[in-house]
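Right, one structure below, let's go through it.
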Amino acid sequence: MVFASVLAMGFQVLVAQLALATGEDLASLTRRHLPTPLAKAAWLAGEAAILATALAELVGGGIALKLLLGLPCPSRWCRSPGWRAAAR
């Protein structure tokens, strides 16, 4: 978890340096310099990463509420082994 956070911060620093050096964002440079199918694949990979991050935050928040406040989880996600382990 810590390694992923450090890796993400390093990537953000590199993208910021690229933007400062070129005056353009990563998306427009990717679209201009890569073939269209590869640029679309990069876009889809980015969107999948955004969804995965949002889902991890949602589930983590639910587990935190359960641990801190003892609130029940009303959805099917609560039946997962990770949720049951956090509920103990």
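Identifiers for the structure tokens are assigned positionally: chains receive A, B, ... in sequence, residues are indexed from 1 per chain, and ligands are indexed from 1 in the order shown.
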Alpha helix (DSSP H) residues, from DSSP on the backbone, in chain A, as number ranges by chain: A: 2-22, 26-33, 36-69, 81-87
Point-to-point distance from atom CA of A:Phe3 to atom CA of A:Asp25, Å rounded to tenths: 25.2 Å
Within 12 Å of stretch 41-54 of chain A using only C-alpha atoms, minus same-chain residues under 3 positions, as a VMD selection string: chain A and resid 1 4 to 5 8 26 to 31 34 to 38 57 to 61
Gap from atom CA of A:Lys40 to atom CA of A:Gly10 - Å, one decimal: 23.4 Å
Straight-line distance linking atom CA of A:Gly62 with atom CA of A:Val2, stated in Å to one decimal: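 It comes out at 20.3 Å.
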